[in-house]
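This report refers to the structure that appears directly beneath it.
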Amino acid sequence: MAGVAAPLARPAAPAPLEAEAILGALPAPVFVLDAAGAFRFVNPAAEQFFETGAAALIGRPIGELIPADNPMLALVAQARSAACSLSEYAVTLESPRIGTHVVTIDVAPVAEAPGCVVVALQDRAMARQIDRQLAHRGAARSVVGMAALLAHEVKNPLSGIRGAAQLLERDATPADRELTRLICDETDRIVALVDRMEMFGDRRPIERGAVNIHRVLEHVRRIAENGFARGRRFTELYDPSLPPVYGNRDLLVQLFLNLVKNAAEAAPEPDGAIVLSTRYRHGVRLAVPGSEARVHLPLRVGVQDNGPGIPEELQPHLFDPFVTTKAGGKGLGLALVAKIVDDHGGVVEVASQPKRTVFSVMLPMAAGEEES
Ligand SMILES: Nc1ncnc2c1ncn2[C@@H]1O[C@H](COP(=O)(O)OP(=O)(O)OP(=O)(O)O)[C@@H](O)[C@H]1O
Ligand SMILES: [Mg+2]
């Protein structure tokens with residue numbers, strides 16, 4: 001073998017950073033609890049969160065600051081005994097001292113210190129988004145009655161109008177035929193719109209089974225590539241070992257078609273790029289509003305585009321029906337997405353900045369595939 005080149009001399013490495021300095025810079029509260037549930041470490045954001053200095057917190061049991069029946073303490077105990085990391089969304093932490101916070105909690109055991117777990121709280125984006133999503137559900141429901149009424153009252157006369165136009169078309173001059181075609185096309189468009197609205201009115205539980213989400217995404221990509229997303233570059237980042245979703249295949253196709261359509265409409269040609277991804281996240285749980293139950297949502301499907309991003313002022317209303325910035329848009333795509341995700345007991349969230357908008361859908365997995 002030829003001589004191996006000597007390694008290049010590197011510039012002197014900068015002094016290593018202390019972990020504590022890094023944790024100190026984090027805006028999110030991070031703390032470590034020992035086997036007895038007493039604080040072993042708190043970063044400055046955690047001091048602020050608990051409104052108590054580190055000196056007073058260290059050694060003190062967290063049970064003195066947070067009611068013993070809080071789901072966070074159960075999550076900590078679970079992560080400790082199962083020796084795995086767990087997350088839970090939309091947990092309410094409440095006490096006279098700290099006020100009320102809706103947070104996402106990540107808990108992980110500290111391998112080097114048996115019995116110790118590190119806890120990180122996210123007080124902002126995610127929790128608030130979920131809050132918002134619950135509000136969206138309300139908004140979607142408020143159109144339910146209207147949708148049913150519309151469907152009932154509008155579709156019948158429309159079919160009459162269409163039939164009459166077709167009769168006229170037979171004897172019409174070419175110029176008039178253009179008008180009768182227009183009547184037919186427009187009635188078709190209204191029927192399609194009403195059909196979409198009608199979906200909101202359907203409150204029956206959906207039929208569900210084990211669905212291979214990669215096949216769903218593959219199907220959606222194929223439709224997209226041959227139609228509305230022609231010319232956009234698709235990248236698929238799939239976790240091949242992903243278990244099946246507990247869902248309805250046709251509704252999932254509809255869900256992801258809507259997300260990919262929005263992504264394609266946002267992603268500019270010729271550099272438009274859409275990334276479809278799947279990921280398994282161990283232990284992601286969501287509190288079910290109004291109940292003690294927690295649903296497991298370990299499957300995360302992402303639809304990302306490199307478009308201009310979603311305007312800030314639009315974001316609070318994004319999933320409401322009839323919100324659109326597009327000339328020909330109905331503003332029903334994301335309302336339908338919210339409804340389908342809701343029917344699956346899942347969660348959809350969005351993170352958007354110029355050149356990177358990601359819609360993430362978290363879904364339950366099929367029974368029999370429970371996490372060990
Ligand atoms: N990936 C995205 N990038 C930027 N903006 C987006 C994206 N997805 C949605 N939006 C914004 O959200 C609005 C609502 O989307 P939604 O899918 O509900 O309706 P629409 O696409 O306008 O109409 P349609 O009913 O045909 O889907 C869009 O008009 C657009 O402004
Ligand atoms: Mg749309």
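In the structure tokens, the first chain shown is A, the next is B, and so on; residue numbers restart at 1 for each chain, and ligands run from 1 in the order shown.
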Skip Ala83 in chain A itself and residues of its chain fewer than 4 positions away, then list as a PyMOL selection string all residues within 12 Å of it, counting only C-alpha atoms.
chain A and resi 75-79+107-111+113-118+283
Exercise: range 37-50 of chain A partners within 10 Å, only C-alpha atoms, chain neighbours under 3 positions left out, as a ChimeraX atom specification
/A:20-34,53-66,73,76-77,95,97-99,101,115-121,123
Would you list the residues that come within 10 Å of ligand 1? Count only C-alpha atoms and all ligand atoms and give the answer as number ranges by chain.
A: 193, 196, 257-267, 274, 303-311, 314-315, 317-338, 350-359
Smallest atom-to-atom distance to Val341 in chain A: which of A:Glu269, A:Val284, A:Leu252, A:Ala367, using only C-alpha atoms?
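Comparing A:Glu269, A:Val284, A:Leu252, A:Ala367 against Val341 in chain A, the winner is A:Leu252.
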Counting only C-alpha atoms and all ligand atoms, figure out which residue out of A:Thr187, A:Thr100, A:Gln254, A:Asn70 gets nearest to ligand 2.
A:Gln254
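What separates CA of Glu312 in chain A from atom 1 (Mg, counted along the ligand's line) of ligand 2 is a distance of 17.3 Å.
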DSSP on the backbone: what in range 8-192 of chain A comes out helix (DSSP H, G or I), as an MDAnalysis selection string?
chainID A and resid 19:25 44:50 54:57 62:64 71:82 125:142 144:171 174:192
CA of His296 in chain A sits from CA of Ser241 in chain A at a separation of 17.6 Å
Which of these residues is nearest to Tyr238 in chain A, using only C-alpha atoms: A:Cys184, A:Leu299, A:Leu251, A:Ala15?
A:Leu299
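The space separating CA of Ala35 in chain A from CA of Ser81 in chain A comes to 10.3 Å.
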Neighbouring residues of Tyr246 in chain A were defined as those with any atom within 7 Å, considering only C-alpha atoms; residues of the same chain fewer than 6 positions away were excluded. Please report them as JSON, numbers by chain.
{"A": [208, 209, 210, 211, 364, 365, 366]}
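The residue that comes closest to ligand 2, out of A:Phe256, A:Ala36, A:Leu168, A:Asp343 and on the basis of only C-alpha atoms and all ligand atoms, is A:Phe256.
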Assign secondary structure with DSSP using the backbone only, and return the residues of range 16-138 of chain A in strand (DSSP E) as a ChimeraX atom specification.
/A:30-33,39-42,86-95,99-109,117-122
From the list A:Leu255, A:Asp271, A:Asp250, A:Gly302, which residue is nearest ligand 2 when using only C-alpha atoms and all ligand atoms?
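Smallest distance to ligand 2 is found for A:Leu255.
If you measure from each of A:Gly247, A:Phe228, A:Tyr280, A:Pro71 to ligand 2 using only C-alpha atoms and all ligand atoms, the closest one turns out to be A:Phe228.
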